[in-house]
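Chemist: This is structure32.cif, which holds mmCIF, C-alpha atoms:
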```cif
data_query
#
loop_
_atom_site.group_PDB
_atom_site.id
_atom_site.type_symbol
_atom_site.label_atom_id
_atom_site.label_comp_id
_atom_site.auth_asym_id
_atom_site.auth_seq_id
_atom_site.Cartn_x
_atom_site.Cartn_y
_atom_site.Cartn_z
ATOM 1 C CA MET A 1 25.716 6.923 -33.135
ATOM 2 C CA SER A 2 26.080 10.087 -35.213
ATOM 3 C CA LYS A 3 25.904 10.089 -39.016
ATOM 4 C CA ARG A 4 29.641 10.694 -39.157
ATOM 5 C CA ASN A 5 30.377 7.700 -36.915
ATOM 6 C CA LYS A 6 28.037 5.529 -39.001
ATOM 7 C CA GLY A 7 29.851 6.617 -42.135
ATOM 8 C CA GLU A 8 33.208 5.794 -40.573
ATOM 9 C CA ALA A 9 31.930 2.383 -39.460
ATOM 10 C CA LYS A 10 30.708 1.632 -43.007
ATOM 11 C CA LYS A 11 34.032 2.755 -44.469
ATOM 12 C CA ASN A 12 35.966 0.569 -42.023
ATOM 13 C CA LYS A 13 33.745 -2.451 -42.704
ATOM 14 C CA GLY A 14 34.215 -1.954 -46.434
ATOM 15 C CA ALA A 15 37.971 -1.636 -45.944
ATOM 16 C CA LYS A 16 38.068 -4.915 -44.018
ATOM 17 C CA ILE A 17 36.177 -6.709 -46.778
ATOM 18 C CA ALA A 18 38.281 -5.158 -49.545
ATOM 19 C CA TYR A 19 41.483 -6.061 -47.702
ATOM 20 C CA ARG A 20 40.662 -9.781 -47.351
ATOM 21 C CA PRO A 21 42.166 -10.887 -50.690
ATOM 22 C CA ILE A 22 45.255 -8.781 -50.002
ATOM 23 C CA GLY A 23 45.552 -10.332 -46.542
ATOM 24 C CA LEU A 24 45.218 -13.817 -47.987
ATOM 25 C CA VAL A 25 47.956 -13.237 -50.548
ATOM 26 C CA SER A 26 50.205 -11.573 -47.979
ATOM 27 C CA GLY A 27 49.769 -14.592 -45.700
ATOM 28 C CA LEU A 28 50.933 -16.897 -48.486
ATOM 29 C CA VAL A 29 53.895 -14.626 -49.193
ATOM 30 C CA ALA A 30 54.787 -14.535 -45.498
ATOM 31 C CA GLY A 31 54.657 -18.315 -45.290
ATOM 32 C CA SER A 32 56.960 -18.708 -48.273
ATOM 33 C CA LEU A 33 59.398 -16.076 -47.051
ATOM 34 C CA SER A 34 59.530 -17.463 -43.544
ATOM 35 C CA GLY A 35 60.227 -20.957 -44.890
ATOM 36 C CA ILE A 36 63.155 -19.654 -46.934
ATOM 37 C CA VAL A 37 64.527 -17.621 -44.018
ATOM 38 C CA PHE A 38 64.161 -20.536 -41.584
ATOM 39 C CA LYS A 39 65.985 -22.959 -43.889
ATOM 40 C CA GLN A 40 68.898 -20.555 -44.247
ATOM 41 C CA ILE A 41 69.096 -19.919 -40.498
ATOM 42 C CA TRP A 42 68.836 -23.636 -39.730
ATOM 43 C CA LYS A 43 71.708 -24.416 -42.105
ATOM 44 C CA VAL A 44 73.935 -21.948 -40.261
ATOM 45 C CA VAL A 45 72.846 -22.787 -36.711
ATOM 46 C CA ALA A 46 72.610 -26.584 -36.952
ATOM 47 C CA LYS A 47 74.996 -27.113 -39.859
ATOM 48 C CA GLU A 48 72.398 -29.421 -41.433
ATOM 49 C CA GLU A 49 70.402 -29.089 -44.630
ATOM 50 C CA GLU A 50 67.001 -29.989 -43.164
ATOM 51 C CA ALA A 51 65.430 -29.262 -39.796
ATOM 52 C CA PRO A 52 64.230 -32.272 -37.812
ATOM 53 C CA SER A 53 60.566 -33.177 -37.937
ATOM 54 C CA ALA A 54 58.620 -34.477 -34.969
ATOM 55 C CA LEU A 55 58.539 -38.030 -36.335
ATOM 56 C CA GLN A 56 62.254 -38.466 -36.997
ATOM 57 C CA SER A 57 63.521 -40.807 -34.280
ATOM 58 C CA GLU A 58 67.206 -39.932 -34.712
ATOM 59 C CA TYR A 59 66.678 -36.498 -33.123
ATOM 60 C CA ARG A 60 66.186 -35.777 -29.448
ATOM 61 C CA MET A 61 63.024 -34.080 -28.218
ATOM 62 C CA ARG A 62 64.771 -30.791 -27.458
ATOM 63 C CA GLU A 63 66.198 -30.565 -30.993
ATOM 64 C CA VAL A 64 62.766 -31.077 -32.531
ATOM 65 C CA VAL A 65 61.107 -28.581 -30.184
ATOM 66 C CA LEU A 66 63.883 -26.017 -30.660
ATOM 67 C CA ALA A 67 63.578 -26.263 -34.445
ATOM 68 C CA ALA A 68 59.801 -25.852 -34.231
ATOM 69 C CA ALA A 69 60.120 -22.868 -31.867
ATOM 70 C CA ILE A 70 62.613 -21.112 -34.141
ATOM 71 C CA GLN A 71 60.438 -21.814 -37.178
ATOM 72 C CA GLY A 72 57.334 -20.501 -35.388
ATOM 73 C CA ALA A 73 59.068 -17.321 -34.233
ATOM 74 C CA ILE A 74 60.372 -16.609 -37.729
ATOM 75 C CA PHE A 75 56.937 -17.220 -39.230
ATOM 76 C CA ALA A 76 55.201 -14.948 -36.708
ATOM 77 C CA ALA A 77 57.685 -12.107 -37.202
ATOM 78 C CA THR A 78 57.596 -12.427 -40.995
ATOM 79 C CA LYS A 79 53.793 -12.562 -41.065
ATOM 80 C CA ALA A 80 53.528 -9.495 -38.832
ATOM 81 C CA ALA A 81 55.961 -7.533 -41.020
ATOM 82 C CA VAL A 82 54.210 -8.528 -44.271
ATOM 83 C CA ASP A 83 50.725 -7.885 -42.826
ATOM 84 C CA ARG A 84 51.777 -4.484 -41.524
ATOM 85 C CA ALA A 85 53.347 -3.506 -44.838
ATOM 86 C CA GLY A 86 50.216 -4.640 -46.695
ATOM 87 C CA ALA A 87 47.937 -2.691 -44.377
ATOM 88 C CA THR A 88 50.101 0.418 -44.698
ATOM 89 C CA GLY A 89 50.041 0.195 -48.488
ATOM 90 C CA PHE A 90 46.283 -0.392 -48.439
ATOM 91 C CA LYS A 91 45.793 2.736 -46.318
ATOM 92 C CA GLN A 92 47.934 4.808 -48.663
ATOM 93 C CA VAL A 93 45.838 3.696 -51.633
ATOM 94 C CA THR A 94 42.352 3.766 -50.067
ATOM 95 C CA GLY A 95 42.701 6.102 -47.089
ATOM 96 C CA ALA A 96 41.224 3.462 -44.759
ATOM 97 C CA TRP A 97 43.089 1.246 -42.319
ATOM 98 C CA PRO A 98 41.873 -2.344 -42.839
ATOM 99 C CA GLY A 99 42.039 -3.383 -39.172
ATOM 100 C CA ASP A 100 39.967 -0.612 -37.555
#
```
Written as structure tokens, that's how I'd like the structure from this file.
Modeler:
Amino acid sequence: MSKRNKGEAKKNKGAKIAYRPIGLVSGLVAGSLSGIVFKQIWKVVAKEEEAPSALQSEYRMREVVLAAAIQGAIFAATKAAVDRAGATGFKQVTGAWPGD
């Protein structure tokens, strides 16, 4: 490995470490945002205030699984968007991409 490649590897490792607190906070933000978005979507789609949980016997299996699938998809998309925005901002400030 050349000196330049070693320097890049050190920079990238440092960027990953420096980004950890930002990633942690962005994960919490994504979780909160996705919960808010899911509740609003569920109200419109199901015309109910609360989504069914797995242990509520009054709901059928498909309703519980559908609610969980929608919630999971919203969380994944929100987390990806927030993580990407955080990484982009981090690169603009530090010049290093945190995932490389």
Chemist: Residues at most 7 Å from segment 13-27 of chain A, counting only C-alpha atoms, excluding those fewer than 6 positions away in the same chain, as a list in words?
Modeler: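 Using only C-alpha atoms, the neighbours found are Lys79, Val82, Asp83, Ala96, Trp97, Pro98 and Gly99 of chain A.
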Chemist: Could you tell me, as an NGL selection string, exactly which residues end up selected when the PyMOL selection byres ((chain A and resi 34) around 9) is applied to this structure?
Modeler: :A and (29-33 or 35-39 or 71-72 or 74-79)
Chemist: Which residue gives the smallest distance to Ala67 of chain A among A:Ala85, A:Gln40, A:Ala51, A:Val93, with all atoms listed in the file counted?
Modeler: A:Ala51
Chemist: Quick check, in Å to one decimal: how far apart do atom CA of Val44 of chain A and atom CA of Arg84 of chain A lie?
Modeler: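 Going from atom CA of Val44 of chain A over to atom CA of Arg84 of chain A, I get 28.2 Å.
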Chemist: Report the distance between atom CA of Ala68 of chain A and atom CA of Val45 of chain A in Å, rounded to one decimal place.
Modeler: 13.6 Å
Chemist: Expressed in Å to a single decimal, how great is the separation between atom CA of Val64 of chain A and atom CA of Leu28 of chain A?
Modeler: 24.4 Å
